[in-house]
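Asker: What follows is my_file_13.tsv; its format and atoms are TSV, C-alpha atoms.
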chain	number	residue	atom	x	y	z
A	1	MET	CA	6.38	-13.20	-22.30
A	2	GLU	CA	9.65	-13.10	-20.40
A	3	ASN	CA	11.31	-9.74	-19.90
A	4	ASN	CA	14.03	-8.19	-17.77
A	5	ARG	CA	12.02	-5.41	-16.19
A	6	LYS	CA	11.59	-5.15	-12.44
A	7	THR	CA	8.25	-6.29	-11.05
A	8	ALA	CA	6.05	-4.63	-8.44
A	9	ILE	CA	2.96	-5.94	-6.65
A	10	VAL	CA	0.46	-3.30	-5.53
A	11	THR	CA	-2.61	-4.35	-3.55
A	12	GLY	CA	-5.78	-2.28	-3.47
A	13	ALA	CA	-4.75	-0.83	-6.82
A	14	GLY	CA	-8.19	-0.53	-8.39
A	15	ARG	CA	-8.53	3.13	-7.44
A	16	GLY	CA	-7.25	5.98	-5.30
A	17	ILE	CA	-3.82	5.67	-3.73
A	18	GLY	CA	-3.21	2.14	-5.05
A	19	ARG	CA	-4.03	3.18	-8.61
A	20	ALA	CA	-1.62	6.14	-8.42
A	21	ILE	CA	1.12	3.85	-7.12
A	22	ALA	CA	0.53	1.26	-9.85
A	23	ILE	CA	0.67	3.92	-12.57
A	24	SER	CA	3.88	5.37	-11.11
A	25	PHE	CA	5.59	1.97	-11.21
A	26	TYR	CA	4.42	1.38	-14.76
A	27	LYS	CA	5.74	4.79	-15.85
A	28	ALA	CA	9.08	3.82	-14.28
A	29	GLY	CA	9.25	0.74	-16.52
A	30	TYR	CA	8.07	-1.92	-14.07
A	31	ASN	CA	5.85	-4.89	-14.69
A	32	VAL	CA	2.91	-4.33	-12.35
A	33	VAL	CA	0.63	-6.78	-10.59
A	34	VAL	CA	-2.60	-4.95	-9.78
A	35	GLY	CA	-4.33	-6.55	-6.81
A	36	PHE	CA	-8.00	-5.76	-6.25
A	37	ALA	CA	-10.86	-7.13	-4.18
A	38	GLY	CA	-14.13	-6.70	-6.03
A	39	ASN	CA	-14.43	-3.84	-8.52
A	40	GLU	CA	-13.11	-5.41	-11.70
A	41	GLU	CA	-14.09	-2.45	-13.87
A	42	ALA	CA	-12.03	-0.09	-11.70
A	43	ALA	CA	-9.06	-2.47	-11.87
A	44	LYS	CA	-9.37	-2.65	-15.65
A	45	GLN	CA	-9.36	1.14	-15.73
A	46	THR	CA	-6.11	1.16	-13.76
A	47	LYS	CA	-4.62	-1.19	-16.35
A	48	GLU	CA	-5.87	1.01	-19.19
A	49	LEU	CA	-4.45	4.17	-17.59
A	50	CYS	CA	-1.09	2.43	-17.31
A	51	GLU	CA	-1.08	1.23	-20.89
A	52	GLU	CA	-2.07	4.67	-22.19
A	53	CYS	CA	1.41	5.78	-21.13
A	54	GLY	CA	2.93	3.54	-23.81
A	55	PRO	CA	4.59	0.10	-23.89
A	56	LEU	CA	6.68	0.70	-20.77
A	57	GLY	CA	5.90	-2.56	-18.97
A	58	GLU	CA	3.23	-5.18	-18.53
A	59	VAL	CA	0.19	-5.16	-16.26
A	60	VAL	CA	-1.73	-8.13	-14.89
A	61	LEU	CA	-4.84	-8.06	-12.71
A	62	VAL	CA	-5.29	-10.38	-9.72
A	63	LYS	CA	-8.63	-10.50	-7.92
A	64	GLY	CA	-8.84	-11.66	-4.32
A	65	ASN	CA	-9.39	-10.82	-0.68
A	66	VAL	CA	-6.01	-10.08	0.92
A	67	ALA	CA	-7.37	-11.48	4.20
A	68	ASP	CA	-7.12	-14.93	2.55
A	69	ALA	CA	-3.63	-16.42	2.35
A	70	GLU	CA	-4.43	-17.88	-1.07
A	71	THR	CA	-4.63	-14.38	-2.51
A	72	ALA	CA	-1.02	-13.74	-1.53
A	73	ASP	CA	-0.04	-16.91	-3.40
A	74	CYS	CA	-1.88	-15.70	-6.51
A	75	LEU	CA	-0.24	-12.26	-6.35
A	76	LEU	CA	3.22	-13.78	-5.99
A	77	ASP	CA	2.64	-16.30	-8.80
A	78	ALA	CA	1.56	-13.47	-11.09
A	79	ALA	CA	4.71	-11.49	-10.28
A	80	LEU	CA	7.02	-14.46	-10.79
A	81	SER	CA	5.39	-15.27	-14.13
A	82	PHE	CA	7.11	-12.28	-15.76
A	83	ASN	CA	10.75	-13.21	-15.15
A	84	GLY	CA	10.95	-15.16	-11.90
A	85	ARG	CA	11.46	-12.09	-9.69
A	86	VAL	CA	9.48	-9.88	-7.34
A	87	ASP	CA	11.33	-6.65	-6.66
A	88	VAL	CA	8.80	-4.48	-4.84
A	89	VAL	CA	5.64	-5.17	-2.88
A	90	VAL	CA	3.30	-2.41	-1.75
A	91	ASN	CA	0.68	-3.46	0.79
A	92	ASN	CA	-1.94	-0.78	0.25
A	93	ALA	CA	-5.25	-2.66	0.44
A	94	GLY	CA	-7.36	-1.82	3.46
A	95	ILE	CA	-10.88	-1.36	4.78
A	96	THR	CA	-12.62	0.65	7.50
A	97	ARG	CA	-15.50	-0.26	9.80
A	98	ASP	CA	-15.67	2.88	11.93
A	99	ASN	CA	-17.60	3.12	15.18
A	100	LEU	CA	-17.11	4.24	18.76
A	101	LEU	CA	-15.48	1.66	21.02
A	102	ALA	CA	-18.66	1.05	23.04
A	103	ARG	CA	-20.61	0.29	19.86
A	104	MET	CA	-18.03	-1.60	17.83
A	105	THR	CA	-18.85	-5.23	17.16
A	106	GLU	CA	-16.33	-8.05	17.32
A	107	ASP	CA	-16.96	-8.69	13.63
A	108	ASP	CA	-16.15	-5.08	12.73
A	109	PHE	CA	-12.90	-5.35	14.68
A	110	ASN	CA	-11.92	-8.70	13.18
A	111	GLN	CA	-12.67	-7.73	9.57
A	112	VAL	CA	-10.41	-4.68	9.73
A	113	ILE	CA	-7.57	-6.53	11.47
A	114	ASP	CA	-7.84	-9.43	9.01
A	115	ALA	CA	-7.81	-7.25	5.88
A	116	ASN	CA	-5.35	-4.58	6.94
A	117	LEU	CA	-2.90	-6.32	9.24
A	118	LYS	CA	-3.17	-10.02	8.49
A	119	GLY	CA	-3.36	-9.29	4.76
A	120	THR	CA	-0.11	-7.36	4.98
A	121	PHE	CA	1.48	-10.21	6.94
A	122	PHE	CA	0.44	-12.83	4.38
A	123	LEU	CA	1.97	-11.04	1.39
A	124	CYS	CA	5.14	-10.01	3.23
A	125	GLN	CA	5.64	-13.61	4.28
A	126	LYS	CA	5.08	-14.96	0.75
A	127	VAL	CA	7.54	-12.59	-0.96
A	128	THR	CA	10.28	-13.13	1.61
A	129	LYS	CA	11.60	-16.38	0.13
A	130	PRO	CA	12.06	-15.15	-3.48
A	131	MET	CA	13.46	-11.82	-2.27
A	132	MET	CA	15.99	-13.60	-0.04
A	133	LYS	CA	16.96	-15.88	-2.92
A	134	GLN	CA	17.58	-12.96	-5.26
A	135	ARG	CA	19.14	-10.94	-2.40
A	136	TYR	CA	17.07	-7.90	-3.23
A	137	GLY	CA	13.69	-6.49	-2.33
A	138	ARG	CA	11.67	-3.47	-1.33
A	139	ILE	CA	8.71	-3.95	1.02
A	140	ILE	CA	6.56	-0.85	1.45
A	141	ASN	CA	3.54	-1.03	3.74
A	142	ILE	CA	0.88	1.66	3.84
A	143	SER	CA	0.04	2.55	7.44
A	144	SER	CA	-1.74	5.78	8.46
A	145	VAL	CA	-1.34	8.89	10.57
A	146	VAL	CA	-3.96	7.32	12.88
A	147	GLY	CA	-1.71	4.30	13.31
A	148	VAL	CA	0.81	6.66	14.89
A	149	HIS	CA	-1.51	9.00	16.79
A	150	GLY	CA	-4.84	7.14	17.10
A	151	ASN	CA	-8.29	8.49	16.27
A	152	ALA	CA	-11.64	8.44	18.01
A	153	GLY	CA	-14.10	6.08	16.35
A	154	GLN	CA	-11.36	4.05	14.70
A	155	VAL	CA	-9.92	1.75	17.35
A	156	ASN	CA	-9.93	-1.18	14.90
A	157	TYR	CA	-8.41	0.78	12.01
A	158	SER	CA	-5.85	2.52	14.24
A	159	ALA	CA	-4.85	-0.80	15.79
A	160	SER	CA	-4.42	-2.41	12.38
A	161	LYS	CA	-2.30	0.45	11.07
A	162	ALA	CA	-0.19	0.58	14.25
A	163	GLY	CA	0.31	-3.16	13.90
A	164	ILE	CA	1.60	-2.63	10.37
A	165	ILE	CA	4.30	-0.35	11.76
A	166	GLY	CA	5.46	-2.97	14.26
A	167	LEU	CA	5.35	-5.66	11.59
A	168	THR	CA	7.37	-3.50	9.20
A	169	LYS	CA	10.09	-2.72	11.74
A	170	SER	CA	10.43	-6.40	12.66
A	171	ILE	CA	10.67	-7.44	9.01
A	172	ALA	CA	13.30	-4.76	8.45
A	173	LYS	CA	15.48	-6.22	11.20
A	174	GLU	CA	15.09	-9.76	9.88
A	175	LEU	CA	15.86	-9.01	6.24
A	176	ALA	CA	18.28	-6.07	6.20
A	177	SER	CA	21.34	-8.29	5.76
A	178	ARG	CA	19.83	-9.73	2.57
A	179	ASN	CA	19.61	-6.32	0.86
A	180	ILE	CA	15.87	-6.17	1.51
A	181	THR	CA	14.39	-3.00	2.96
A	182	ALA	CA	11.03	-2.68	4.70
A	183	ASN	CA	9.45	0.69	5.37
A	184	ALA	CA	6.02	2.08	6.15
A	185	ILE	CA	4.27	5.17	4.86
A	186	ALA	CA	1.75	6.95	7.08
A	187	PRO	CA	-0.59	9.05	4.93
A	188	GLY	CA	-2.65	11.85	6.44
A	189	MET	CA	-5.85	13.18	4.88
A	190	ILE	CA	-5.77	12.23	1.20
A	191	GLU	CA	-8.20	13.23	-1.54
A	192	THR	CA	-10.09	10.04	-2.43
A	193	ASP	CA	-13.60	9.01	-3.47
A	194	MET	CA	-14.59	9.15	0.22
A	195	THR	CA	-13.43	12.74	0.73
A	196	LYS	CA	-14.93	13.97	-2.56
A	197	VAL	CA	-18.44	13.64	-1.13
A	198	LEU	CA	-17.67	15.90	1.84
A	199	GLY	CA	-19.25	19.35	1.87
A	200	ASP	CA	-17.19	22.49	1.33
A	201	LYS	CA	-17.46	23.53	4.98
A	202	VAL	CA	-16.24	20.13	6.15
A	203	LYS	CA	-13.33	20.27	3.71
A	204	GLU	CA	-12.45	23.79	4.88
A	205	SER	CA	-12.47	22.61	8.48
A	206	ILE	CA	-10.20	19.67	7.66
A	207	ASN	CA	-7.81	21.81	5.62
A	208	SER	CA	-7.55	24.41	8.37
A	209	SER	CA	-6.36	21.72	10.79
A	210	ILE	CA	-3.54	20.65	8.47
A	211	PRO	CA	-0.34	22.75	8.63
A	212	ALA	CA	-0.03	22.55	4.83
A	213	LYS	CA	-3.64	23.80	4.55
A	214	ARG	CA	-4.64	21.16	2.03
A	215	MET	CA	-5.36	17.49	1.72
A	216	GLY	CA	-2.78	15.32	0.05
A	217	THR	CA	-3.28	13.61	-3.30
A	218	PRO	CA	-2.83	9.94	-4.19
A	219	GLU	CA	0.18	11.06	-6.22
A	220	ASP	CA	1.80	12.47	-3.06
A	221	ILE	CA	1.75	8.95	-1.61
A	222	ALA	CA	2.89	7.39	-4.88
A	223	ASN	CA	5.88	9.75	-4.97
A	224	ALA	CA	6.91	8.61	-1.48
A	225	VAL	CA	6.53	4.97	-2.50
A	226	MET	CA	8.73	5.48	-5.54
A	227	PHE	CA	11.39	7.11	-3.36
A	228	LEU	CA	11.47	4.12	-1.02
A	229	ALA	CA	11.54	1.72	-3.97
A	230	ASP	CA	14.49	3.50	-5.58
A	231	GLU	CA	18.11	2.38	-5.38
A	232	ASN	CA	18.98	5.69	-3.71
A	233	SER	CA	17.01	4.65	-0.60
A	234	SER	CA	18.87	1.37	-0.11
A	235	TYR	CA	20.19	2.44	3.33
A	236	ILE	CA	16.74	3.37	4.62
A	237	THR	CA	14.86	0.59	6.38
A	238	GLY	CA	12.53	0.15	9.33
A	239	GLN	CA	11.27	3.71	9.00
A	240	VAL	CA	7.83	5.31	9.06
A	241	LEU	CA	7.52	8.15	6.54
A	242	GLY	CA	4.68	10.51	7.33
A	243	VAL	CA	3.10	12.01	4.23
A	244	ASP	CA	0.53	14.16	5.96
A	245	GLY	CA	1.17	17.85	5.34
A	246	GLY	CA	2.43	18.17	8.89
A	247	MET	CA	-0.51	16.55	10.70
A	248	GLY	CA	1.80	14.25	12.63
A	249	MET	CA	3.96	16.99	14.13
Re-express the file's structure as structure tokens.

Answerer:
Amino acid sequence: MENNRKTAIVTGAGRGIGRAIAISFYKAGYNVVVGFAGNEEAAKQTKELCEECGPLGEVVLVKGNVADAETADCLLDAALSFNGRVDVVVNNAGITRDNLLARMTEDDFNQVIDANLKGTFFLCQKVTKPMMKQRYGRIINISSVVGVHGNAGQVNYSASKAGIIGLTKSIAKELASRNITANAIAPGMIETDMTKVLGDKVKESINSSIPAKRMGTPEDIANAVMFLADENSSYITGQVLGVDGGMGM
């Protein structure tokens, strides 16, 4: 059904950071396209959590591997189906294949670059045309603190996230005159399903190394995304916002 709400695409929105972002957009009255790779039950839960907030918008699920260009087409088509617009895109989907450089396989390197960097490129490229036509858009790409500072055992992941920063800055320069902003967010240590399984001593060690003395939450990242998506941030583009409790200082 056609409506006049703004529309946001969020990839990797089945859980964690992506889920928090999708819910935040829905609460703000957006139509939300929830992109997910494989866990359909988790994606359905994201949709249910949105709809529990009341009839504030509409939610549609799109399954696909962001490393495939066809998935970007499906995400865009789903967004345009609401009212012919795509106002915000959040490239959050990503994978890790950690290993030391000497032991990392070519396949492990390629998979991470394809999903994290090429996947971001595909969707940014697809939304550019409709955003230029409507002379409005917000592109928000999720990088990482390791994309800025590097990390042992993550040369593939760090490279992909650093690449996202370069891609974002270049997009910002190309599209700024069309009232389209492009920014990156660099999260630090965030409480997710992966960190929940860590022992108390490991968590204490991690927290002690963070100036804020705690891990961030998915909502911390979602709040930063909503700031960059807001009209009040229209003069901010080509920036990298660290949401890391001070890790990047």

Asker: Pick from A:Ile180, A:Ile17, A:Ile171, A:Val86: nearest to Thr120 in chain A, with all atoms listed in the file counted?

Answerer: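 Among the listed residues, the smallest separation from Thr120 in chain A belongs to A:Ile171.
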
Asker: Hey, what's within 10 Å of Tyr30 in chain A if we count all atoms listed in the file and toss same-chain stuff fewer than 3 positions away? As an NGL selection string, please?

Answerer: :A and (4-9 or 22-27 or 33 or 56-59 or 87-88)

Asker: Restricting the calculation to only C-alpha atoms: of A:His149, A:Lys213, A:Arg138, A:Lys118, which residue gets closest to Leu167 in chain A?

Answerer: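 Smallest distance to Leu167 in chain A is found for A:Lys118.
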
Asker: When you draw a straight line from CA of Asn156 in chain A to CA of Phe109 in chain A, how long is it in Å?

Answerer: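 Separation between CA of Asn156 in chain A and CA of Phe109 in chain A: 5.1 Å.
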
Asker: One decimal, Å: what's the distance from CA of Thr181 in chain A over to CA of Leu123 in chain A, could you say?

Answerer: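 It comes out at 14.9 Å.
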
Asker: What is the CA of Asp193 in chain A-CA of Ala72 in chain A distance in Å, reported with one decimal?

Answerer: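 Rounded to one decimal, the two atoms are 26.1 Å apart.
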
Asker: Show me, as a ChimeraX atom specification, the residues that have an atom within 12 Å of Asp108 in chain A when counting all atoms listed in the file, minus same-chain residues fewer than 3 positions from it.

Answerer: /A:95-101,103-105,111-115,153-157

Asker: Smallest atom-to-atom distance to Gly84 in chain A: which of A:Ser143, A:Thr195, A:Asn31, A:Ser160, using only C-alpha atoms?

Answerer: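 Once distances to Gly84 in chain A are computed over only C-alpha atoms, the minimum belongs to A:Asn31.
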
Asker: Smallest atom-to-atom distance to Ala182 in chain A: which of A:Asn207, A:Ser158, A:Thr237, A:Gln134, using all atoms listed in the file?

Answerer: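 Comparing A:Asn207, A:Ser158, A:Thr237, A:Gln134 against Ala182 in chain A, the winner is A:Thr237.
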
Asker: Centre and edge lengths of an axis-aligned box around all listed atoms of range 18-24 of chain A, with 3 Å added on each side, are to be given in Å to one decimal, as JSON.

Answerer:
{"center_x": -0.1, "center_y": 3.7, "center_z": -8.8, "size_x": 13.9, "size_y": 10.9, "size_z": 13.5}

Asker: For each of A:Ile185, A:Arg85, A:Asn116, A:Ile210, take the minimum atom-to-atom distance to Lys161 in chain A, counting only C-alpha atoms, then give the residue where this is smallest.

Answerer: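 Closest residue, counting only C-alpha atoms: A:Asn116.
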
Asker: Quick one: of A:Asn91, A:Thr217, A:Asn183, A:Ser209, who's nearest to Lys196 in chain A, counting all atoms listed in the file?

Answerer: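 That would be A:Thr217, the residue with the smallest distance to Lys196 in chain A.
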
Asker: Enumerate, as a list in words, the protein, DNA and RNA residues whose atoms approach (-9.2, 9.5, -4.0) to within 10 Å, taking into account all atoms listed in the file and the coordinate frame of the file.

Answerer: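 Counting all atoms listed in the file, I find these residues within 10 Å of (-9.2, 9.5, -4.0): Arg15, Gly16, Ile17, Gly18, Arg19, Ala20, Ile190, Glu191, Thr192, Asp193, Met194, Thr195, Lys196, Gly216, Thr217, Pro218 and Glu219 of chain A.
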
Asker: With C-alpha atoms retained, could you export that selection as a CSV table (one decimal), keeping the file's coordinate frame?

Answerer:
chain,number,residue,atom,x,y,z
A,15,ARG,CA,-8.5,3.1,-7.4
A,16,GLY,CA,-7.2,6.0,-5.3
A,17,ILE,CA,-3.8,5.7,-3.7
A,18,GLY,CA,-3.2,2.1,-5.0
A,19,ARG,CA,-4.0,3.2,-8.6
A,20,ALA,CA,-1.6,6.1,-8.4
A,190,ILE,CA,-5.8,12.2,1.2
A,191,GLU,CA,-8.2,13.2,-1.5
A,192,THR,CA,-10.1,10.0,-2.4
A,193,ASP,CA,-13.6,9.0,-3.5
A,194,MET,CA,-14.6,9.2,0.2
A,195,THR,CA,-13.4,12.7,0.7
A,196,LYS,CA,-14.9,14.0,-2.6
A,216,GLY,CA,-2.8,15.3,0.0
A,217,THR,CA,-3.3,13.6,-3.3
A,218,PRO,CA,-2.8,9.9,-4.2
A,219,GLU,CA,0.2,11.1,-6.2

Asker: Can you tell me which residues surround Gly14 in chain A at a distance of at most 9 Å, considering only C-alpha atoms, apart from same-chain residues fewer than 4 positions away, and format the answer as a JSON list (two decimals) with C-alpha atoms, in the coordinates of the input?

Answerer:
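What landed in out-v1.json:
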[["chain", "number", "residue", "atom", "x", "y", "z"],
["A", 18, "GLY", "CA", -3.21, 2.14, -5.05],
["A", 19, "ARG", "CA", -4.03, 3.18, -8.61],
["A", 34, "VAL", "CA", -2.60, -4.95, -9.78],
["A", 35, "GLY", "CA", -4.33, -6.55, -6.81],
["A", 36, "PHE", "CA", -8.00, -5.76, -6.25],
["A", 37, "ALA", "CA", -10.86, -7.13, -4.18],
["A", 38, "GLY", "CA", -14.13, -6.70, -6.03],
["A", 39, "ASN", "CA", -14.43, -3.84, -8.52],
["A", 40, "GLU", "CA", -13.11, -5.41, -11.70],
["A", 41, "GLU", "CA", -14.09, -2.45, -13.87],
["A", 42, "ALA", "CA", -12.03, -0.09, -11.70],
["A", 43, "ALA", "CA", -9.06, -2.47, -11.87],
["A", 44, "LYS", "CA", -9.37, -2.65, -15.65],
["A", 45, "GLN", "CA", -9.36, 1.14, -15.73],
["A", 46, "THR", "CA", -6.11, 1.16, -13.76],
["A", 47, "LYS", "CA", -4.62, -1.19, -16.35]]
